[in-house]
Structures are given as C-alpha cells and as structure tokens.
Amino acid sequence: MRTIRIGSGAGYSGDRIEPAIELAEKGDIQYLVFECLGERTVALAQQARMKNPDSGYDPLLEERMRAVLPACASKGIKIVTNMGAANPLAAARKTAEIAKSLGLPSLQIAAIVGDDVLDACKDGDLPIMEFDGTIKQFGNRLLSANAYLGAEPMAQALTQGADVVITGRASDPALFLAPMIHAFGWAMDDWNLLGQGTVAGHLLECAGQITGGYFADPGYKDVPDLARLGFPIGEVGENGDLVITKVAGSGGAVTAQTCREQLLYEVHDPRQYIQPDVVADFSQVKVEEIAPDRVRVSGGRGARRTDTLKVSVGYVDSFIGEGQISYAGPGALARGRLALEIVRERLKLTGVAASELRFELIGVDSLHGAQISARANEPYEVRVRVAGRTENLREAIRIGNEVETLYTNGPAAGGGAFKSARDVVAVASVLLPRDLARPQVRFVGS
Amino acid sequence: MKLREIAHSRTGDKGNISNISVIAYDAKHYPLLLAQVTGARVKAHFAGVVEGEVVRYELPNIAALNFVMTNALGGGVTRSLALDAHGKSLSSALLDLDIEDSNP
C-alpha cells in the first residue's frame, strides 16, 4: 500500500521555525504544510494590502521560506501553506524571488486565488451566523470577505507540478487533505476517505499541539524537552490508515492522550465537523499507541459536503482602551481593589463613553471571574486591569489615562503602569452558495 | 476528589463559542464523567463567564466528553475585552470540579 508522510511546520503565524527545518532535513517527509492564518489575520492583511498592493501576505513568509526551501528542494519535499493571506499572488512572486536568490530557479511556485469573495458578499444580503443582522449592517466598516476554500485547487496545483502551493483562506485541514487527494487520487465524493483525511489534517494543523505543546501539567501530564518540541508527522496510507509521529530525538511526546486532546480541539458536534469538502464525523474515531511516539488513529468517517462555504468577514468593530498598574506586599489586594473603585468612579465622573467595561485584578480574578476565583488565598502581588470598549480612539485613550493617574492620585505604592488604545478589527461569519467562489491555480515565473 | 485526578482537558475557541474536552485518563472512569460532569453542572460552574447554553457531546470510544458553550468569550476572540480572549485557560477551571467516587 502506498503511504505518504506529511509534516506540519507551523501551527500559527508566529510559530517556531527550527522544528520545520528539522522536519525537512530529518523527517523523511514528502510534504511540509504551514498553517499560519488566524481568524482575523486576513482582515488585517487586507488593510495592509490596501496601503501597499505588494503586501498583504504573512510577515514571516520570507524567513520561513529561506529556512526550509534548500532542504525541501534537495529532497523533493512539496510545500503547502496559507501564508498567502490576503495576497497569495504576491506571496508566490516573493517566494519565487527567494528561490532564485537561493540558487533554486527551477522551483515551481503556484498561488491559489479566488477565496476573496467580497464582491459576491456585497451583492447578497447574507445573514451573520454569530449574531442577529446581515452583512449590510457593516456598511463602510466592512473590510474583507474570504471563503474557506477546500482542498481541490491545492491538489490540482500539486498535480500540475507545483513544488510550493500558496493559498489565502482555506480550511486548515484541507491544507493536509490536498496532498492526500493528489498522491492517492481520492475521489471528491468518497466521503469516508475525505472524513478520515480530515481527521489527519485536523490532528496535524496545530503542529506542536499534538506533540506535547499546550499539554504539560507538571505531576499530571509531564512532557520531556518542551524547549526542543518536535513538530508532528502524519503517515497516511492510500486507504486512509493514519499514524501520528514525530522526528526521532526531538522534544515532546506523541501519546494517545495528546491525540485525544487535539482530536476535540475547536470541535463542536463531533458527528458534524463541517468542512468545505466533507462533513466529517469524529464520533467513531479510535486512538491506539502502537510504539513510543507512534499513535494510530482510525475510524474517521464522512458525509456529503454542504452546498455553502463558510466566509470569514472582517470589519471595523470598535476601539479598546486599557490600563494596568501593580501593587505588592502587605495589603496589596486591598489597595488593588481600592484602585479599581477609584477608576470606576473616575470614568463616571469624567464621562468616558464606554459601551462595555471590565475591572479586574490579574493574579486574582482576571481569567475566570469573581465566582470561580473566590476560594483562592490572598496573593503577594496583584495587577489592576481596566479595559473598555469605545466608539473612537479618543475615548479609548481616556481609559488608560485614568489608570495611569493612579500613580500620583491613587493608593500607596502603585508601580509599573501601562496603557494602550487600539482599533478592533473583528470577524464574523456568513454562508455563501458554493458556486459563487471560483478558485483558480496561478503559476508564477521564477 | 477533583476532576483533575481522573481526567485531562483542552479548550478551543471559534468566534464567541468555547469548547472544553474532558478526557478520562483511564476508560474505567468514563462512567463517573458521564454521571457527574453534566452540562447543567458545567453551566453552573461557569456562571458569570458563560452567558449562553452548554451542550454536552459524548465520545465513548475515547472516554471523553465535549462541552460546547455559547456566548462564552466576551464577544469572541477578535473583539473581547478579556485578558485571555481565547478562553484558553478555562479548561483548568473545569478540572477543579469535585467528583464523588464510591469505588476508587
């Protein structure tokens, strides 16, 4: 039976780079995937592209490509990535330029375009999935609309000879499904194979999160050598057999526990994990350790894909102002609470227009709220945090100012004040009829 | 005992929805999870944090439960005022639940 080995070289845009080099050099892989596109990243990248038409792709693209292209080219490893963000063509051109400068001018670089569906979304009055309303209500605050594309165009690019495939918005598991479809010729209506392939892609897409990252809990779940965490490899057979493993000698661990945690990560109904290519069913999945750092995952299934694609819509939402200041030693908690009360009253007295406010003490109740935190003992130090949502930057700035002025107007011995004010680009989702997105493969000349 | 003694957990986020898995270290403890870690109990535990519904999904094959909590992230990771806008730390709060075990 034919088998391919797919490495996962990044779980988010800022991820470590050496584990990807390690995968390329020592992983005995044929494909290296970089998942680098968060929910709102495309909207931010679109803003960058509006300022400069040659930008709008992942800021670490150059560093990553320079790091892995030599090893990938010499071993024939194909790269698939969503580092194209809001400008896959510019990212592909940049990659071709880097390849040339590295003495690799024959590398074939392909961009996938067509995830940008802003015009199609503007034409229809599509309902927003997260809250009541339609896309029209964003008006001129609407920045971007990008459809989660499936694996097909990426698989097509590989079949046409691409060494590097750069897409914008695509479903994360589809980045991994594409090499499987290309290598094994899986039919796009073989729902069970596509479902099991989606299990593989879902497990691999967050890189270190299945090799022991986001997992360690000393005394309960110990993980060796997290500073040298190895990134995962999926060994996939043409019948969908799957083993998750990592480079021998790297840090971390692949165990049944790490695989189970990642299987349910960001999953809602496990029977209906809706993807562009298939509705995957994780409910019958089995996880089995077959050797150290080798876990077999089987039983993924699938059902017919839906007639719509999820579209991530970026819009200018509001502004957030924030301030922080610390208190320590005896009475720190009481002084921190007094500080919060002072700022609460000041924001009222001075008429700061905020639609939402948070008053909290970092180290006491900032993460889980007052109820869950009530049982804890008094800490040695606390950090006051006040954050509020406003309609404009001027109001947002006033919130941090009211925390900073605690230096000379607040409780004794406050230190380390910090303030910030920023605009918020948020995302919402809509469903677009599938045929309104028309993805295309474009090769760029080296 | 605490839930932490028999189960591990991971939080994920999509928009304003948080999901928390609860996975038995040993499949023999799965019935305890089923009986005691109910959707209602999780909702009560997160009162003041989770403003929407809590739905529980069961995965007997991997001895796990998955809790899906709506209106849980202060408007969602891209606009939340929270320090932990993803709610990544919520799994640790859930593992503090008390579990009664007559047959340890």
# chains A, B, ... in the order shown; residues from 1 in each chain; ligands from 1
>>> interface_residues(of="chain A", to="chain B", cutoff="9 Å", atoms="only C-alpha atoms", output="MDAnalysis selection string")
chainID A and resid 39:40 130 214:215 220:221 257 260:262 264:270 282:287 317:318 320 322 356:358 362 366:372 385 387:389 424:429
>>> write_last_selection(atoms="N, CA and C atoms", output="short mmCIF file (atom, residue, chain, number, x, y, z; two decimals), in the first residue's frame")
data_model
loop_
_atom_site.label_atom_id
_atom_site.label_comp_id
_atom_site.auth_asym_id
_atom_site.auth_seq_id
_atom_site.Cartn_x
_atom_site.Cartn_y
_atom_site.Cartn_z
N GLU A 39 -8.07 33.60 12.51
CA GLU A 39 -9.41 34.02 12.10
C GLU A 39 -9.44 35.45 11.54
N ARG A 40 -8.71 36.36 12.19
CA ARG A 40 -8.82 37.74 11.74
C ARG A 40 -7.63 38.19 10.90
N GLU A 130 -23.09 34.64 13.82
CA GLU A 130 -22.83 34.80 15.26
C GLU A 130 -23.85 35.66 15.99
N TYR A 214 0.96 22.81 24.60
CA TYR A 214 -0.39 23.14 25.11
C TYR A 214 -0.96 21.96 25.91
N PHE A 215 -0.08 21.19 26.56
CA PHE A 215 -0.50 19.93 27.17
C PHE A 215 0.08 19.75 28.57
N TYR A 220 1.04 15.72 36.57
CA TYR A 220 -0.12 15.03 35.99
C TYR A 220 0.16 14.62 34.54
N LYS A 221 0.62 15.60 33.76
CA LYS A 221 0.94 15.33 32.36
C LYS A 221 2.32 15.93 32.09
N GLN A 257 -2.99 10.31 24.73
CA GLN A 257 -3.58 11.48 25.40
C GLN A 257 -3.44 12.75 24.56
N ARG A 260 -5.93 12.51 21.70
CA ARG A 260 -7.34 12.69 22.08
C ARG A 260 -7.64 14.16 22.33
N GLU A 261 -6.73 14.84 23.04
CA GLU A 261 -6.98 16.28 23.30
C GLU A 261 -7.08 17.06 22.00
N GLN A 262 -6.18 16.77 21.07
CA GLN A 262 -6.19 17.55 19.83
C GLN A 262 -7.38 17.17 18.95
N LEU A 264 -10.38 16.78 19.78
CA LEU A 264 -11.57 17.56 20.14
C LEU A 264 -11.32 19.06 20.16
N TYR A 265 -10.08 19.48 19.87
CA TYR A 265 -9.75 20.90 19.92
C TYR A 265 -10.55 21.70 18.88
N GLU A 266 -11.26 22.71 19.34
CA GLU A 266 -12.08 23.56 18.45
C GLU A 266 -13.14 22.78 17.68
N VAL A 267 -13.60 21.67 18.25
CA VAL A 267 -14.66 20.87 17.63
C VAL A 267 -15.95 21.11 18.41
N HIS A 268 -17.06 21.20 17.73
CA HIS A 268 -18.35 21.32 18.40
C HIS A 268 -19.00 19.94 18.38
N ASP A 269 -19.99 19.70 17.50
CA ASP A 269 -20.60 18.37 17.42
C ASP A 269 -19.62 17.44 16.71
N PRO A 270 -19.09 16.43 17.42
CA PRO A 270 -18.08 15.57 16.78
C PRO A 270 -18.62 14.76 15.60
N PHE A 282 -16.24 12.54 13.65
CA PHE A 282 -15.16 12.08 14.52
C PHE A 282 -15.68 11.13 15.61
N SER A 283 -17.00 10.84 15.62
CA SER A 283 -17.58 10.16 16.79
C SER A 283 -17.11 8.72 16.93
N GLN A 284 -16.65 8.09 15.84
CA GLN A 284 -16.23 6.69 15.93
C GLN A 284 -14.71 6.53 15.92
N VAL A 285 -14.01 7.63 16.08
CA VAL A 285 -12.54 7.58 15.99
C VAL A 285 -11.96 6.78 17.16
N LYS A 286 -10.94 5.95 16.82
CA LYS A 286 -10.21 5.21 17.84
C LYS A 286 -8.75 5.64 17.82
N VAL A 287 -8.14 5.65 19.00
CA VAL A 287 -6.78 6.14 19.18
C VAL A 287 -5.99 5.06 19.90
N ASP A 317 -14.80 47.08 14.19
CA ASP A 317 -15.83 46.85 15.20
C ASP A 317 -15.93 48.00 16.20
N SER A 318 -14.82 48.38 16.79
CA SER A 318 -14.84 49.35 17.90
C SER A 318 -13.40 49.70 18.26
N ILE A 320 -10.62 49.69 21.75
CA ILE A 320 -10.44 49.20 23.11
C ILE A 320 -9.35 50.03 23.78
N GLU A 322 -7.16 50.45 27.49
CA GLU A 322 -6.81 49.59 28.61
C GLU A 322 -5.72 50.23 29.45
N GLU A 356 -18.86 49.01 27.21
CA GLU A 356 -18.58 47.78 27.96
C GLU A 356 -17.30 48.03 28.74
N LEU A 357 -17.25 47.61 30.00
CA LEU A 357 -16.04 47.82 30.82
C LEU A 357 -15.72 46.57 31.62
N ARG A 358 -14.45 46.34 31.86
CA ARG A 358 -14.02 45.25 32.75
C ARG A 358 -13.08 45.83 33.79
N ILE A 362 -5.33 41.10 37.93
CA ILE A 362 -4.53 39.99 37.40
C ILE A 362 -3.84 39.32 38.57
N SER A 366 -8.84 37.77 37.02
CA SER A 366 -8.96 38.28 35.66
C SER A 366 -9.30 37.21 34.63
N LEU A 367 -8.97 35.95 34.92
CA LEU A 367 -9.16 34.91 33.91
C LEU A 367 -10.51 34.21 34.03
N HIS A 368 -10.95 33.92 35.25
CA HIS A 368 -12.17 33.12 35.40
C HIS A 368 -13.28 33.84 36.15
N GLY A 369 -13.13 35.13 36.41
CA GLY A 369 -14.20 35.89 37.04
C GLY A 369 -14.26 35.69 38.55
N ALA A 370 -15.09 36.48 39.20
CA ALA A 370 -15.12 36.54 40.66
C ALA A 370 -15.59 35.24 41.30
N GLN A 371 -16.60 34.57 40.69
CA GLN A 371 -17.17 33.40 41.37
C GLN A 371 -16.18 32.26 41.51
N ILE A 372 -15.58 31.84 40.41
CA ILE A 372 -14.65 30.71 40.45
C ILE A 372 -13.41 31.06 41.27
N ARG A 385 -6.32 45.79 36.32
CA ARG A 385 -6.55 45.90 34.87
C ARG A 385 -7.94 46.45 34.62
N ALA A 387 -10.32 47.60 31.29
CA ALA A 387 -10.42 47.63 29.83
C ALA A 387 -11.82 48.03 29.45
N GLY A 388 -11.97 48.82 28.38
CA GLY A 388 -13.29 49.26 27.96
C GLY A 388 -13.40 49.39 26.46
N ARG A 389 -14.64 49.25 25.98
CA ARG A 389 -14.90 49.37 24.55
C ARG A 389 -15.53 50.73 24.25
N VAL A 424 -10.25 47.84 16.82
CA VAL A 424 -10.54 46.41 16.80
C VAL A 424 -11.10 46.02 15.45
N VAL A 425 -10.34 45.19 14.73
CA VAL A 425 -10.88 44.55 13.53
C VAL A 425 -11.40 43.20 13.98
N ALA A 426 -12.68 43.00 13.85
CA ALA A 426 -13.29 41.74 14.31
C ALA A 426 -13.72 40.92 13.10
N VAL A 427 -14.04 39.66 13.32
CA VAL A 427 -14.57 38.84 12.23
C VAL A 427 -15.91 38.26 12.63
N ALA A 428 -16.75 38.09 11.62
CA ALA A 428 -18.00 37.37 11.76
C ALA A 428 -18.07 36.40 10.59
N SER A 429 -19.06 35.53 10.59
CA SER A 429 -19.14 34.53 9.53
C SER A 429 -20.48 34.60 8.81
#
>>> residues_around(residues="range 177-194 of chain A", least_positions_apart="6", cutoff="7 Å", atoms="only C-alpha atoms", output="NGL selection string")
:A and (151-152 or 154-155 or 158-159 or 201 or 238 or 240 or 278 or 301-304)
>>> write_last_selection(atoms="N, CA and C atoms", output="compact mmCIF listing (two decimals), in the first residue's frame")
# COMPACT_ATOMS: atom_id res chain seq x y z
N ALA A 151 -9.83 21.54 -0.54
CA ALA A 151 -8.51 21.01 -0.92
C ALA A 151 -8.31 20.94 -2.43
N GLU A 152 -9.40 20.96 -3.20
CA GLU A 152 -9.29 20.65 -4.63
C GLU A 152 -8.30 21.53 -5.39
N MET A 154 -5.74 23.19 -4.39
CA MET A 154 -4.36 22.92 -3.95
C MET A 154 -3.87 21.58 -4.50
N ALA A 155 -4.76 20.57 -4.49
CA ALA A 155 -4.39 19.26 -5.04
C ALA A 155 -4.11 19.39 -6.54
N LEU A 158 -0.69 20.80 -7.12
CA LEU A 158 0.35 19.77 -6.93
C LEU A 158 0.42 18.86 -8.15
N THR A 159 -0.74 18.49 -8.67
CA THR A 159 -0.78 17.58 -9.83
C THR A 159 -0.20 18.25 -11.07
N GLY A 201 -5.77 15.81 8.98
CA GLY A 201 -5.46 17.23 8.85
C GLY A 201 -5.76 17.99 10.12
N GLU A 238 -2.98 5.04 1.47
CA GLU A 238 -3.98 5.40 0.46
C GLU A 238 -5.39 4.94 0.84
N GLY A 240 -6.45 5.42 3.86
CA GLY A 240 -6.80 6.26 4.99
C GLY A 240 -6.15 5.87 6.31
N VAL A 278 -16.26 18.03 2.89
CA VAL A 278 -16.93 16.88 3.50
C VAL A 278 -17.47 17.33 4.87
N ARG A 301 -14.96 9.17 9.62
CA ARG A 301 -15.90 8.94 8.53
C ARG A 301 -16.39 10.28 8.00
N GLY A 302 -17.28 10.21 7.01
CA GLY A 302 -17.75 11.48 6.48
C GLY A 302 -19.09 11.34 5.77
N ALA A 303 -19.70 12.48 5.51
CA ALA A 303 -20.95 12.54 4.75
C ALA A 303 -20.82 13.67 3.73
N ARG A 304 -21.75 13.68 2.79
CA ARG A 304 -21.74 14.64 1.69
C ARG A 304 -21.50 16.07 2.17
>>> residues_around(residues="Pro153 in chain A", least_positions_apart="3", cutoff="10 Å", atoms="only C-alpha atoms", output="PyMOL selection string")
chain A and resi 111-114+149-150+156-159+165+167+178+438-441
>>> residues_around(residues="Asp98 in chain B", least_positions_apart="2", cutoff="8 Å", atoms="only C-alpha atoms", output="ChimeraX atom specification")
/B:1-3,96,100
>>> atom_distance(atom1="CA of Glu345 in chain A", atom2="CA of Ala328 in chain A")
22.9 Å
>>> select_by_dssp(residues="chain B", states="strand (DSSP E)", output="ChimeraX atom specification")
/B:7-14,17-24,54-59,64-69
>>> atom_distance(atom1="CA of Asp123 in chain A", atom2="CA of Ala147 in chain A")
15.0 Å
>>> residues_around(residues="Asp222 in chain A", least_positions_apart="6", cutoff="10 Å", atoms="only C-alpha atoms", output="PyMOL selection string")
chain A and resi 212+215-216+252-253
>>> write_last_selection(atoms="C-alpha atoms", output="short mmCIF file (atom, residue, chain, number, x, y, z; two decimals), in the first residue's frame")
data_model
loop_
_atom_site.label_atom_id
_atom_site.label_comp_id
_atom_site.auth_asym_id
_atom_site.auth_seq_id
_atom_site.Cartn_x
_atom_site.Cartn_y
_atom_site.Cartn_z
CA GLY A 212 3.12 17.78 23.74
CA PHE A 215 -0.50 19.93 27.17
CA ALA A 216 2.04 19.80 30.02
CA GLY A 252 7.90 16.39 23.25
CA ALA A 253 5.80 13.22 23.02
#
>>> closest_residue(among="A:Val223, A:Ala43, A:Ala396, A:Val382", to="Ser355 in chain A", atoms="only C-alpha atoms")
A:Ala396
>>> residues_around(residues="Val384 in chain A", least_positions_apart="4", cutoff="12 Å", atoms="only C-alpha atoms", output="JSON, numbers by chain")
{"A": [322, 323, 324, 325, 326, 327, 328, 332, 333, 334, 335, 336, 337, 338, 339, 340, 341, 342, 343, 344, 358, 359, 360, 361, 362, 363, 364, 365, 366, 400, 402, 403, 404, 406, 410, 411, 414, 415, 416, 417, 418, 419], "B": [83]}
>>> closest_residue(among="A:Lys348, A:Arg294, A:Arg49, A:Lys78", to="Glu235 in chain A", atoms="only C-alpha atoms")
A:Arg294
>>> residues_around(residues="Gly103 in chain A", least_positions_apart="4", cutoff="12 Å", atoms="only C-alpha atoms", output="ChimeraX atom specification")
/A:66,69-70,73-74,96-99,107,446
>>> closest_residue(among="A:Arg346, A:Arg305, A:Arg442, A:His202", to="Val164 in chain A", atoms="only C-alpha atoms")
A:Arg442
>>> atom_distance(atom1="CA of Leu126 in chain A", atom2="CA of Leu143 in chain A")
15.5 Å
